[in-house]
Amino acid sequence: MTDHRPTYDWDPRSDTVLDNPVASFDDMRQRCPVARSEYMGWSVFRHEDVLAVVTDHETFSNQVSQHRSVPNGLDQPEHTPYRTLIEPFFTDQRMALFEPECRDIAAELARAIAGRKQVDIVTELAEPFALQIQCAFLGWPDSLQEPLREWAHENHEATLAGDREAMAEIAQRFSRYIHQLLETRREQGDWAPEDPTTDIMRSTIDGQPIPEEDIVSILRNWTVGEIGTIAASVGLLLKFLAEHPELQAELRDDVDKIPEAVDEILRIHGPLVTNRRKATCPATLQGRQIETGDRVTVNWVSANRDERVFPQPDQFRWGRDQSQNLLYGAGLHVCPGAPLARLELRVLMEELLQISGAFAPTPGKAPVNAYYPASGYQHLWLDFDAS
């Protein structure tokens with residue numbers, strides 16, 4: 001039988017794409033907005049098509065992994081009770097209670113780089129901030145920060161290489177961390193710390209305790225999302241502000257503008273590149289025929305740069321309609337932790353702009369891009385003025 005499936009339209013692991021992903025996504029959005037590759041299946045680049053995929057939960061399933069992933073790898077109706085369980089951890093009240101600790105962490109890191117030259121923002125600020133914030137929010141010991149850093153780096157490398165054996169071993173290592181934390185809390189009984197980890201451990205769904213593997217999965221997904229995207233966001237924000245000193249000064253003078261600026265800068269180049277879906281039935285996008293079982297990868301970075309929604313997408317503009325910004329996703333699986341991420345990035349920007357002094361790119365030290373599936377930078381050097 002003749003295979004009438006389309007040939008591959010692009011190679012997302014080519015040097016051209018890895019070296020300059022944003023320009024490559026822009027090119028694909030214009031030239032081939034729904035494209036097929038061996039590595040990703042179907043990639044969807046335009047805003048309207050990304051929305052069509054992520055809001056059609058019957059045609060495009062989130063159950064794409066061989067392993068259970070809670071809650072982002074669940075479909076309805078199973079997704080709903082887990083989402084209901086998780087959302088209360090990110091209420092305005094909880095964010096307000098966490099803000100002082102978040103601010104202390106941000107201020108300490110800002111003081112450590114104030115007035116210094118050739119600061120590698122990724123290793124000295126972005127990653128430490130993401131790790132410290134994650135452990136503080138979940139009530140994890142500081143001693144777990146370095147293992148989590150190593151785990152996140154190895155997980156990224158294994159994902160990029162497509163090394164399933166390594167990915168499985170890395171996932172098991174993370175599971176051991178969490179099992180130990182949960183066991184310690186059980187031994188402490190009523191004396192266990194009051195934090196999200198203990199709360200999830202004691203929660204029920206439909207009157208039944210949550211299986212331990214589901215608890216581990218929830219915490220793993222929070223950790224992957226938090227460490228990777230927050231660290232990437234910090235690098236992306238600071239590089240942009242370093243290259244736009246007038247905007248940096250404007251935000252330093254009026255911190256109330258920071259939330260809108262953060263969303264707009266990360267619309268231009270976001271920290272999360274893609275998410276996956278799987279077609280449950282035949283579908284058509286931009287004239288391309290998608291068959292049942294096909295992998296479909298939505299490209300958030302490209303969607304947020306779609307000229308049809310955001311004219312002159314490379315430009316920072318005050319007053320854009322940020323309700324169209326897909327920085328935190330859309331549909332049933334829109335990021336539940338968005339309030340925490342917004343709090344963290346706002347507070348860090350406030351403290352940096354007030355404490356660390358004006359900053360600019362270090363002359364002669366070009367940033368080193370992160371490779372997919374990461375976004376942002378592996379290394380980014382900035383000079384801070386003494387003030």
# chains A, B, ... in the order shown; residues from 1 in each chain; ligands from 1

call {"tool": "select_by_dssp", "arguments": {"residues": "range 89-152 of chain A", "states": "alpha helix (DSSP H)", "output": "PyMOL selection string"}}
result
chain A and resi 92-113+121+127-138+145-152

call {"tool": "residues_around", "arguments": {"residues": "Glu48 in chain A", "least_positions_apart": "4", "cutoff": "10 Å", "atoms": "only C-alpha atoms", "output": "PyMOL selection string"}}
result
chain A and resi 44+52-53+303+306+308-309

call {"tool": "atom_distance", "arguments": {"atom1": "CA of Leu345 in chain A", "atom2": "CA of Ser175 in chain A"}}
result
27.9 Å

call {"tool": "residues_around", "arguments": {"residues": "Arg277 in chain A", "least_positions_apart": "6", "cutoff": "12 Å", "atoms": "only C-alpha atoms", "output": "VMD selection string"}}
result
chain A and resid 40 to 44 50 52 to 65 72 to 75 290 292 to 299 333

call {"tool": "residues_around", "arguments": {"residues": "range 77-84 of chain A", "least_positions_apart": "4", "cutoff": "12 Å", "atoms": "only C-alpha atoms", "output": "PyMOL selection string"}}
result
chain A and resi 57-58+61-63+68-73+88-90+200+203-208+210-211+214-215+217-218+332-337

call {"tool": "write_last_selection", "arguments": {"atoms": "N, CA, C and O atoms", "output": "CSV table (one decimal), in the first residue's frame"}}
result
chain,number,residue,atom,x,y,z
A,57,HIS,N,-10.7,20.0,23.5
A,57,HIS,CA,-10.2,18.9,24.3
A,57,HIS,C,-10.7,17.5,23.9
A,57,HIS,O,-10.2,16.5,24.4
A,58,GLU,N,-11.7,17.5,23.1
A,58,GLU,CA,-12.2,16.1,22.6
A,58,GLU,C,-11.4,15.7,21.4
A,58,GLU,O,-11.0,14.5,21.3
A,61,SER,N,-6.1,15.3,22.7
A,61,SER,CA,-6.0,14.7,24.0
A,61,SER,C,-4.6,15.2,24.6
A,61,SER,O,-3.6,15.3,23.9
A,62,ASN,N,-4.7,15.3,25.9
A,62,ASN,CA,-3.4,15.6,26.7
A,62,ASN,C,-2.7,14.3,27.1
A,62,ASN,O,-1.6,14.4,27.7
A,63,GLN,N,-3.3,13.2,26.9
A,63,GLN,CA,-2.7,12.0,27.3
A,63,GLN,C,-1.7,11.5,26.2
A,63,GLN,O,-2.0,10.7,25.4
A,68,ARG,N,1.9,8.2,33.4
A,68,ARG,CA,0.8,9.0,34.0
A,68,ARG,C,1.4,10.4,34.4
A,68,ARG,O,2.4,10.4,35.1
A,69,SER,N,0.8,11.5,34.0
A,69,SER,CA,1.2,12.8,34.3
A,69,SER,C,0.0,13.6,34.9
A,69,SER,O,-1.0,13.8,34.1
A,70,VAL,N,0.1,14.0,36.1
A,70,VAL,CA,-1.0,14.6,36.8
A,70,VAL,C,-0.7,16.1,37.1
A,70,VAL,O,0.3,16.4,37.7
A,71,PRO,N,-1.6,17.0,36.8
A,71,PRO,CA,-2.9,16.8,36.1
A,71,PRO,C,-2.8,17.1,34.6
A,71,PRO,O,-3.7,16.9,33.9
A,72,ASN,N,-1.6,17.6,34.1
A,72,ASN,CA,-1.5,18.1,32.8
A,72,ASN,C,-1.6,17.0,31.7
A,72,ASN,O,-1.8,17.3,30.5
A,73,GLY,N,-1.4,15.8,32.1
A,73,GLY,CA,-1.5,14.7,31.1
A,73,GLY,C,-2.9,14.0,31.2
A,73,GLY,O,-3.0,12.8,30.7
A,88,PRO,N,-6.6,25.8,44.6
A,88,PRO,CA,-6.6,26.6,45.9
A,88,PRO,C,-5.2,26.9,46.4
A,88,PRO,O,-5.0,27.8,47.2
A,89,PHE,N,-4.2,26.2,45.9
A,89,PHE,CA,-2.8,26.5,46.3
A,89,PHE,C,-2.3,27.8,45.7
A,89,PHE,O,-1.2,28.3,46.1
A,90,PHE,N,-3.0,28.4,44.8
A,90,PHE,CA,-2.5,29.6,44.1
A,90,PHE,C,-3.5,30.8,44.2
A,90,PHE,O,-3.6,31.6,43.3
A,200,ILE,N,-1.1,18.4,50.1
A,200,ILE,CA,-1.4,17.5,49.0
A,200,ILE,C,-1.4,16.1,49.5
A,200,ILE,O,-2.2,15.3,49.2
A,203,SER,N,-4.6,15.3,51.2
A,203,SER,CA,-5.8,15.6,50.5
A,203,SER,C,-6.5,14.3,50.0
A,203,SER,O,-5.9,13.3,49.9
A,204,THR,N,-7.8,14.5,49.7
A,204,THR,CA,-8.5,13.3,49.1
A,204,THR,C,-9.2,13.8,47.9
A,204,THR,O,-9.5,15.0,47.6
A,205,ILE,N,-9.6,12.8,47.0
A,205,ILE,CA,-10.5,13.0,45.9
A,205,ILE,C,-11.6,12.0,46.0
A,205,ILE,O,-11.4,10.8,46.1
A,206,ASP,N,-12.8,12.6,46.0
A,206,ASP,CA,-14.0,11.7,46.1
A,206,ASP,C,-13.9,10.9,47.4
A,206,ASP,O,-14.3,9.7,47.4
A,207,GLY,N,-13.3,11.5,48.4
A,207,GLY,CA,-13.2,10.8,49.7
A,207,GLY,C,-12.1,9.8,49.9
A,207,GLY,O,-11.9,9.2,50.9
A,208,GLN,N,-11.3,9.6,48.8
A,208,GLN,CA,-10.3,8.7,48.8
A,208,GLN,C,-8.9,9.3,48.8
A,208,GLN,O,-8.7,10.4,48.2
A,210,ILE,N,-5.2,10.3,47.8
A,210,ILE,CA,-4.6,10.4,46.5
A,210,ILE,C,-3.4,9.4,46.5
A,210,ILE,O,-2.6,9.3,47.4
A,211,PRO,N,-3.4,8.6,45.4
A,211,PRO,CA,-2.3,7.6,45.3
A,211,PRO,C,-0.9,8.3,45.4
A,211,PRO,O,-0.8,9.4,44.8
A,214,ASP,N,0.5,9.6,42.2
A,214,ASP,CA,-0.1,10.8,41.7
A,214,ASP,C,0.4,12.1,42.4
A,214,ASP,O,0.6,13.1,41.8
A,215,ILE,N,0.7,11.9,43.7
A,215,ILE,CA,1.3,13.0,44.5
A,215,ILE,C,2.7,13.4,43.9
A,215,ILE,O,3.0,14.5,43.7
A,217,SER,N,3.7,12.8,40.9
A,217,SER,CA,3.6,13.3,39.6
A,217,SER,C,3.2,14.8,39.7
A,217,SER,O,3.7,15.6,38.9
A,218,ILE,N,2.3,15.2,40.6
A,218,ILE,CA,1.9,16.6,40.8
A,218,ILE,C,3.1,17.4,41.1
A,218,ILE,O,3.4,18.5,40.5
A,332,LEU,N,-8.6,24.3,29.2
A,332,LEU,CA,-8.7,23.6,30.5
A,332,LEU,C,-7.3,23.5,31.2
A,332,LEU,O,-7.2,23.5,32.5
A,333,HIS,N,-6.3,23.4,30.4
A,333,HIS,CA,-4.9,23.2,31.0
A,333,HIS,C,-4.1,24.5,31.1
A,333,HIS,O,-2.9,24.4,31.3
A,334,VAL,N,-4.8,25.6,31.1
A,334,VAL,CA,-4.1,26.9,31.4
A,334,VAL,C,-3.4,26.8,32.7
A,334,VAL,O,-3.8,26.1,33.6
A,335,CYS,N,-2.2,27.3,32.8
A,335,CYS,CA,-1.3,27.1,33.9
A,335,CYS,C,-1.9,27.5,35.3
A,335,CYS,O,-2.2,28.7,35.5
A,336,PRO,N,-2.2,26.5,36.2
A,336,PRO,CA,-2.8,26.9,37.5
A,336,PRO,C,-1.8,27.7,38.3
A,336,PRO,O,-2.2,28.5,39.2
A,337,GLY,N,-0.5,27.6,38.1
A,337,GLY,CA,0.5,28.3,38.9
A,337,GLY,C,0.8,29.7,38.4
A,337,GLY,O,1.8,30.3,38.9

call {"tool": "closest_atom_pairs", "arguments": {"of": "range 97-182 of chain A", "to": "range 354-375 of chain A", "cutoff": "9 Å", "atoms": "only C-alpha atoms", "output": "Markdown table"}}
result
| residue | atom | partner | partner_atom | distance |
| --- | --- | --- | --- | --- |
| A:Ala107 | CA | A:Ile355 | CA | 7.5 |
| A:Ala110 | CA | A:Ser356 | CA | 5.5 |
| A:Arg111 | CA | A:Ser356 | CA | 6.2 |
| A:Ala112 | CA | A:Ser356 | CA | 8.3 |
| A:Ile113 | CA | A:Ser356 | CA | 6.4 |
| A:Ala114 | CA | A:Ser356 | CA | 3.9 |
| A:Gly115 | CA | A:Gly357 | CA | 6.3 |
| A:Arg116 | CA | A:Ser356 | CA | 8.7 |
| A:Lys117 | CA | A:Thr362 | CA | 7.3 |
| A:Gln118 | CA | A:Thr362 | CA | 5.8 |
| A:Val119 | CA | A:Thr362 | CA | 8.2 |
| A:His156 | CA | A:Pro373 | CA | 7.0 |
| A:Glu157 | CA | A:Pro373 | CA | 8.9 |
| A:Thr159 | CA | A:Pro373 | CA | 7.3 |
| A:Leu160 | CA | A:Pro373 | CA | 6.4 |

call {"tool": "residues_around", "arguments": {"residues": "range 151-154 of chain A", "least_positions_apart": "5", "cutoff": "8 Å", "atoms": "only C-alpha atoms", "output": "PDB file with all heavy atoms, in the first residue's frame"}}
result
ATOM      1  N   ILE A 170      16.067   9.301  35.471  1.00  0.00           N
ATOM      2  CA  ILE A 170      16.002  10.621  36.088  1.00  0.00           C
ATOM      3  C   ILE A 170      14.662  10.818  36.784  1.00  0.00           C
ATOM      4  O   ILE A 170      14.591  11.373  37.885  1.00  0.00           O
ATOM      5  CB  ILE A 170      16.261  11.704  35.020  1.00  0.00           C
ATOM      6  CG1 ILE A 170      17.716  11.613  34.533  1.00  0.00           C
ATOM      7  CG2 ILE A 170      15.957  13.091  35.550  1.00  0.00           C
ATOM      8  CD1 ILE A 170      17.970  12.364  33.243  1.00  0.00           C
ATOM      9  N   PHE A 174      13.929  11.515  40.883  1.00  0.00           N
ATOM     10  CA  PHE A 174      13.069  12.548  41.461  1.00  0.00           C
ATOM     11  C   PHE A 174      12.020  11.907  42.370  1.00  0.00           C
ATOM     12  O   PHE A 174      11.733  12.424  43.453  1.00  0.00           O
ATOM     13  CB  PHE A 174      12.384  13.355  40.361  1.00  0.00           C
ATOM     14  CG  PHE A 174      11.527  14.468  40.889  1.00  0.00           C
ATOM     15  CD1 PHE A 174      12.059  15.719  41.113  1.00  0.00           C
ATOM     16  CD2 PHE A 174      10.191  14.251  41.185  1.00  0.00           C
ATOM     17  CE1 PHE A 174      11.278  16.746  41.622  1.00  0.00           C
ATOM     18  CE2 PHE A 174       9.396  15.258  41.686  1.00  0.00           C
ATOM     19  CZ  PHE A 174       9.946  16.512  41.908  1.00  0.00           C
ATOM     20  N   VAL A 224       9.270  20.776  37.460  1.00  0.00           N
ATOM     21  CA  VAL A 224       9.737  20.962  36.094  1.00  0.00           C
ATOM     22  C   VAL A 224       9.302  22.326  35.583  1.00  0.00           C
ATOM     23  O   VAL A 224      10.094  23.093  35.016  1.00  0.00           O
ATOM     24  CB  VAL A 224       9.206  19.846  35.172  1.00  0.00           C
ATOM     25  CG1 VAL A 224       9.497  20.172  33.712  1.00  0.00           C
ATOM     26  CG2 VAL A 224       9.837  18.511  35.538  1.00  0.00           C
ATOM     27  N   ILE A 227      11.112  25.411  37.945  1.00  0.00           N
ATOM     28  CA  ILE A 227      12.544  25.639  37.805  1.00  0.00           C
ATOM     29  C   ILE A 227      12.897  26.054  36.380  1.00  0.00           C
ATOM     30  O   ILE A 227      13.596  27.044  36.155  1.00  0.00           O
ATOM     31  CB  ILE A 227      13.335  24.384  38.222  1.00  0.00           C
ATOM     32  CG1 ILE A 227      13.145  24.132  39.732  1.00  0.00           C
ATOM     33  CG2 ILE A 227      14.810  24.552  37.886  1.00  0.00           C
ATOM     34  CD1 ILE A 227      13.798  22.861  40.224  1.00  0.00           C
ATOM     35  N   GLY A 228      12.390  25.316  35.390  1.00  0.00           N
ATOM     36  CA  GLY A 228      12.748  25.610  34.011  1.00  0.00           C
ATOM     37  C   GLY A 228      12.205  26.940  33.523  1.00  0.00           C
ATOM     38  O   GLY A 228      12.949  27.765  32.971  1.00  0.00           O
TER      39      GLY A 228
END

call {"tool": "atom_distance", "arguments": {"atom1": "CA of Trp300 in chain A", "atom2": "CA of Leu18 in chain A"}}
result
16.2 Å

call {"tool": "closest_residue", "arguments": {"among": "A:Leu51, A:Val17, A:Leu247, A:Val22", "to": "Arg305 in chain A", "atoms": "only C-alpha atoms"}}
result
A:Val22

call {"tool": "closest_residue", "arguments": {"among": "A:Ala158, A:Leu380, A:Ile265, A:Leu343", "to": "Glu127 in chain A", "atoms": "only C-alpha atoms"}}
result
A:Leu380

call {"tool": "atom_distance", "arguments": {"atom1": "CA of Arg29 in chain A", "atom2": "CA of Thr280 in chain A"}}
result
24.5 Å

call {"tool": "residues_around", "arguments": {"residues": "Met201 in chain A", "least_positions_apart": "4", "cutoff": "9 Å", "atoms": "only C-alpha atoms", "output": "list in words"}}
result
Leu182, Arg185, Arg186, Pro196, Thr197, Pro209, Ile210, Glu212 and Ile215 of chain A
